[in-house]
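Below is one structure; the comments refer to it alone.
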Amino acid sequence: MSSPVHYITLTAPDGEVVGYAWGDDTDVEWMHRKASSSGAYKAGLDWYTKVHEAHGRGLTPLGVLNLLSREPGAGPVTEAPDLAALEDLAGVVTPADDRRLLAQLDRDNAAAWQELAEAFDALTEEDRDVQWGGGHKSPSGATHVPFPRYSKALFRAVQALHGVGAVTPEHRWRHSPMPQAPPAGGLRPADAVRAATAVVTAERMSDGEIATAVENGLLDAIADSLRAWYADPAAEQTRLEAAPPAGRLRSAPVVAPPAPRPEAPAPPMCRFCGGSPAADVTFRAHRGLVLFMGFKKMAGPMCMTCGLAVHRALTTHTLCVGWWSPFSLFVFAPLTLVRNLLAVREVKKLPAPGPGTLGPRYDPGVPIHRRPRAYVALVPALWVLFMIVTGLVGGA
Ligand SMILES: [Zn+2]
């Protein structure tokens, strides 16, 4: 795809970039940032839901982005030359990502680091020469799936990686490239954590990942990098930052998260159509059903057209079904109607809205007095009147 796309950058409360909502002419989608923390990944699932809810309401893709860009943690709507450029952005690994992975290492557990050193020092050429079992045909004709026969010493070394905290859910290995053979300059410590997590976890899904990492030297490079970091975290970081990164594990250039936008006094935008001006109002509907009562509320900035539409719909609903319980009849229905009348006065003061940016505008339809359902309200009104009159007559 080579047409431009629009996107907004979405961040967690701590400023970590969670991912991007992006849209083209026809669709709007969510893209996780690949190196994000597990907490940010979960936050991204919420954004994902919001994107699809907004799109499901009939907003245009750009309308969805405009709407979400007003939420806390969202950046402004931005254009990227194409989707590939955005995917590059989502693949960026930041120094904060590296620090988060290094923080998973259990520095204080001296015994675990001792075990890591001893386990790897104890590996022999035989341990490294992984043999495969299976692969033969049984008398029944079935082929046994081949599997690697890891030695006890090799298992111990892998366990030692767990022991120091180098295998961590904070590296979402399935969303990241599988690590390759170590570059000449050695692995950066954070990349060692990534590689340890990916190799050890992937082995559970497909046999032989550890065997491959032993063969191409990645497993030893992981241990070397971790041990050097433990010996002197500051020096190791400095040395490796100076070395040119290589392989697919390299960190991409640093991109700062979008600066929080100043609270510009933007004119309020209608929550439904995006038109301005808009008034911040609340309309209500009430339903009384003998024993049950229902309350419904629609609040937020609304332009004159959408506000009138909401007023007419909710007020008519209340006039029709608002009366049928004692509290509803004497308290909630009248209260709802009065509050709606006060709110619609605010909306009617507005001039006609400018063009909307979020999608179709509500159609106010016919006035309430031309809606048959509204006249259901005559039944309780006449009944109350009847009771008052008979009460007066009876008391007289
Ligand atoms: Zn509107």
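In the structure tokens, chains take the letters A, B, ... in the order shown, each chain's residues start at 1, and ligands count up from 1 in the order shown.
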
Quick one: residues within 12 Å of A:Gly63, only C-alpha atoms counted, chain neighbours fewer than 4 positions away excluded, as JSON, numbers by chain?
-> {"A": [6, 7, 8, 21, 22, 23, 24, 25, 26, 27, 28, 51, 54, 55, 56, 57, 58, 59, 67, 68, 69, 70, 77, 269, 270, 271, 272, 273, 274, 275, 356, 357, 358, 359, 360]}

Would you write out those residues with N, CA, C and O atoms, as a compact mmCIF listing (two decimals), in the first residue's frame?
```
# COMPACT_ATOMS: atom_id res chain seq x y z
N HIS A 6 -3.60 8.46 7.72
CA HIS A 6 -3.62 9.34 8.89
C HIS A 6 -3.56 8.47 10.14
O HIS A 6 -4.07 7.35 10.16
N TYR A 7 -2.91 9.00 11.16
CA TYR A 7 -2.84 8.23 12.40
C TYR A 7 -2.77 9.16 13.60
O TYR A 7 -2.46 10.34 13.46
N ILE A 8 -3.11 8.61 14.77
CA ILE A 8 -2.86 9.32 16.03
C ILE A 8 -2.04 8.39 16.92
O ILE A 8 -2.20 7.18 16.89
N ALA A 21 -3.69 4.46 16.23
CA ALA A 21 -4.93 4.26 15.48
C ALA A 21 -4.71 4.93 14.13
O ALA A 21 -4.23 6.05 14.07
N TRP A 22 -4.99 4.20 13.07
CA TRP A 22 -4.74 4.77 11.74
C TRP A 22 -5.91 4.49 10.82
O TRP A 22 -6.66 3.53 11.01
N GLY A 23 -6.07 5.36 9.84
CA GLY A 23 -7.16 5.17 8.90
C GLY A 23 -6.78 5.64 7.52
O GLY A 23 -5.91 6.49 7.35
N ASP A 24 -7.41 5.04 6.52
CA ASP A 24 -7.30 5.53 5.15
C ASP A 24 -8.71 5.93 4.70
O ASP A 24 -9.56 6.23 5.52
N ASP A 25 -8.96 5.89 3.40
CA ASP A 25 -10.26 6.36 2.93
C ASP A 25 -11.42 5.50 3.42
O ASP A 25 -12.53 5.99 3.61
N THR A 26 -11.15 4.23 3.63
CA THR A 26 -12.27 3.31 3.85
C THR A 26 -12.31 2.72 5.25
O THR A 26 -13.38 2.36 5.73
N ASP A 27 -11.18 2.58 5.89
CA ASP A 27 -11.19 1.82 7.14
C ASP A 27 -10.30 2.47 8.18
O ASP A 27 -9.42 3.27 7.87
N VAL A 28 -10.55 2.09 9.43
CA VAL A 28 -9.72 2.58 10.52
C VAL A 28 -9.30 1.37 11.34
O VAL A 28 -10.09 0.47 11.57
N VAL A 51 -11.67 2.34 19.12
CA VAL A 51 -11.59 2.61 17.68
C VAL A 51 -12.75 1.94 16.97
O VAL A 51 -13.44 2.55 16.15
N ALA A 54 -16.21 3.48 17.82
CA ALA A 54 -16.42 4.77 17.14
C ALA A 54 -16.72 4.53 15.67
O ALA A 54 -17.60 5.17 15.08
N HIS A 55 -15.99 3.61 15.07
CA HIS A 55 -16.22 3.33 13.66
C HIS A 55 -17.60 2.71 13.46
O HIS A 55 -18.30 3.01 12.50
N GLY A 56 -18.01 1.87 14.42
CA GLY A 56 -19.32 1.22 14.32
C GLY A 56 -20.46 2.21 14.44
O GLY A 56 -21.59 1.92 14.04
N ARG A 57 -20.20 3.38 15.02
CA ARG A 57 -21.24 4.40 15.13
C ARG A 57 -21.46 5.13 13.82
O ARG A 57 -22.28 6.03 13.73
N GLY A 58 -20.67 4.79 12.83
CA GLY A 58 -20.88 5.39 11.52
C GLY A 58 -19.97 6.56 11.22
O GLY A 58 -20.13 7.25 10.22
N LEU A 59 -19.00 6.83 12.11
CA LEU A 59 -18.07 7.92 11.83
C LEU A 59 -17.14 7.53 10.68
O LEU A 59 -16.82 6.36 10.50
N LEU A 67 -12.05 12.30 16.71
CA LEU A 67 -12.75 12.13 17.99
C LEU A 67 -11.78 11.62 19.06
O LEU A 67 -11.67 12.18 20.15
N LEU A 68 -11.02 10.56 18.73
CA LEU A 68 -10.12 9.97 19.73
C LEU A 68 -8.96 10.90 20.06
O LEU A 68 -8.41 10.84 21.16
N SER A 69 -8.59 11.75 19.11
CA SER A 69 -7.45 12.64 19.35
C SER A 69 -7.75 13.64 20.45
O SER A 69 -6.85 14.30 20.96
N ARG A 70 -9.04 13.75 20.84
CA ARG A 70 -9.40 14.68 21.91
C ARG A 70 -9.34 14.02 23.27
O ARG A 70 -9.54 14.67 24.29
N VAL A 77 -3.92 14.34 15.04
CA VAL A 77 -4.01 13.57 13.80
C VAL A 77 -2.83 13.96 12.91
O VAL A 77 -2.57 15.13 12.67
N MET A 269 -16.73 20.94 20.15
CA MET A 269 -17.14 20.28 18.91
C MET A 269 -18.27 19.32 19.25
O MET A 269 -18.19 18.62 20.26
N CYS A 270 -19.28 19.26 18.44
CA CYS A 270 -20.41 18.36 18.68
C CYS A 270 -19.91 16.92 18.77
O CYS A 270 -19.15 16.46 17.92
N ARG A 271 -20.33 16.21 19.81
CA ARG A 271 -19.82 14.85 20.00
C ARG A 271 -20.35 13.89 18.94
O ARG A 271 -19.83 12.79 18.78
N PHE A 272 -21.41 14.29 18.24
CA PHE A 272 -21.98 13.38 17.25
C PHE A 272 -21.45 13.65 15.85
O PHE A 272 -21.06 12.74 15.15
N CYS A 273 -21.47 14.93 15.44
CA CYS A 273 -21.15 15.22 14.04
C CYS A 273 -19.84 15.98 13.91
O CYS A 273 -19.31 16.11 12.81
N GLY A 274 -19.29 16.50 15.02
CA GLY A 274 -18.04 17.24 14.94
C GLY A 274 -18.22 18.70 14.56
O GLY A 274 -17.25 19.42 14.41
N GLY A 275 -19.46 19.15 14.40
CA GLY A 275 -19.70 20.54 14.01
C GLY A 275 -19.53 21.49 15.18
O GLY A 275 -19.59 21.11 16.34
N GLY A 356 -19.67 19.33 9.70
CA GLY A 356 -19.22 18.33 10.67
C GLY A 356 -18.00 17.59 10.13
O GLY A 356 -17.78 17.53 8.93
N THR A 357 -17.20 17.07 11.04
CA THR A 357 -16.02 16.31 10.61
C THR A 357 -16.10 14.86 11.05
O THR A 357 -15.27 14.05 10.69
N LEU A 358 -17.06 14.52 11.88
CA LEU A 358 -17.06 13.19 12.46
C LEU A 358 -17.96 12.21 11.73
O LEU A 358 -17.83 11.02 11.87
N GLY A 359 -18.89 12.70 10.96
CA GLY A 359 -19.78 11.77 10.30
C GLY A 359 -21.14 12.39 10.12
O GLY A 359 -21.30 13.61 10.24
N PRO A 360 -22.13 11.56 9.84
CA PRO A 360 -23.46 12.10 9.57
C PRO A 360 -24.04 12.80 10.79
O PRO A 360 -23.74 12.44 11.92
```

Can you list, as a ChimeraX atom specification, every protein, DNA or RNA residue that comes within 9 Å of A:Trp132 when you count only C-alpha atoms, leaving out same-chain residues fewer than 2 positions away?
-> /A:130,134-135,146-150

Excluding A:Ala35 and any residue of its chain fewer than 2 positions from it, enumerate the residues within 8 Å of it, using only C-alpha atoms, and give them as a PyMOL selection string.
-> chain A and resi 33+37+91-93+97+171-172+175-176

Using only C-alpha atoms and all ligand atoms, find each residue in chain A having at least one atom no more than 12 Å away from ligand 1; report its shortest atom-to-atom pair and that distance in Å (one decimal), rows by chain then rising number, as a Markdown table.
```
| residue | atom | partner | partner_atom_place_in_ligand_line | distance |
| --- | --- | --- | --- | --- |
| A:Pro268 | CA | ligand 1 | 1 (Zn) | 10.8 |
| A:Met269 | CA | ligand 1 | 1 (Zn) | 7.9 |
| A:Cys270 | CA | ligand 1 | 1 (Zn) | 4.6 |
| A:Arg271 | CA | ligand 1 | 1 (Zn) | 6.6 |
| A:Phe272 | CA | ligand 1 | 1 (Zn) | 5.1 |
| A:Cys273 | CA | ligand 1 | 1 (Zn) | 4.2 |
| A:Gly274 | CA | ligand 1 | 1 (Zn) | 6.0 |
| A:Gly275 | CA | ligand 1 | 1 (Zn) | 5.3 |
| A:Ser276 | CA | ligand 1 | 1 (Zn) | 7.6 |
| A:Pro277 | CA | ligand 1 | 1 (Zn) | 8.8 |
| A:Ala278 | CA | ligand 1 | 1 (Zn) | 7.5 |
| A:Ala279 | CA | ligand 1 | 1 (Zn) | 10.0 |
| A:Asp280 | CA | ligand 1 | 1 (Zn) | 11.6 |
| A:Gly300 | CA | ligand 1 | 1 (Zn) | 10.7 |
| A:Pro301 | CA | ligand 1 | 1 (Zn) | 8.5 |
| A:Met302 | CA | ligand 1 | 1 (Zn) | 5.4 |
| A:Cys303 | CA | ligand 1 | 1 (Zn) | 4.3 |
| A:Met304 | CA | ligand 1 | 1 (Zn) | 6.7 |
| A:Thr305 | CA | ligand 1 | 1 (Zn) | 5.7 |
| A:Cys306 | CA | ligand 1 | 1 (Zn) | 4.2 |
| A:Gly307 | CA | ligand 1 | 1 (Zn) | 6.8 |
| A:Leu308 | CA | ligand 1 | 1 (Zn) | 9.2 |
| A:Ala309 | CA | ligand 1 | 1 (Zn) | 9.1 |
| A:Val310 | CA | ligand 1 | 1 (Zn) | 10.0 |
| A:Val347 | CA | ligand 1 | 1 (Zn) | 10.6 |
| A:Leu350 | CA | ligand 1 | 1 (Zn) | 11.4 |
| A:Pro351 | CA | ligand 1 | 1 (Zn) | 11.8 |
| A:Ala352 | CA | ligand 1 | 1 (Zn) | 9.6 |
| A:Pro353 | CA | ligand 1 | 1 (Zn) | 7.1 |
| A:Gly354 | CA | ligand 1 | 1 (Zn) | 9.1 |
| A:Pro355 | CA | ligand 1 | 1 (Zn) | 9.1 |
| A:Gly356 | CA | ligand 1 | 1 (Zn) | 6.9 |
| A:Thr357 | CA | ligand 1 | 1 (Zn) | 9.5 |
| A:Leu358 | CA | ligand 1 | 1 (Zn) | 8.9 |
| A:Gly359 | CA | ligand 1 | 1 (Zn) | 9.1 |
| A:Pro360 | CA | ligand 1 | 1 (Zn) | 8.4 |
| A:Arg361 | CA | ligand 1 | 1 (Zn) | 5.5 |
| A:Tyr362 | CA | ligand 1 | 1 (Zn) | 6.7 |
| A:Asp363 | CA | ligand 1 | 1 (Zn) | 9.4 |
| A:Pro364 | CA | ligand 1 | 1 (Zn) | 10.3 |
```

As a ChimeraX atom specification, please: all residues of stretch 134-295 of chain A that backbone DSSP puts in alpha helix (DSSP H).
-> /A:152-163,189-205,209-215,218-231,233-242

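The spacing separating atom CA of A:Arg373 from atom CA of A:Val281 amounts to 24.3 Å.
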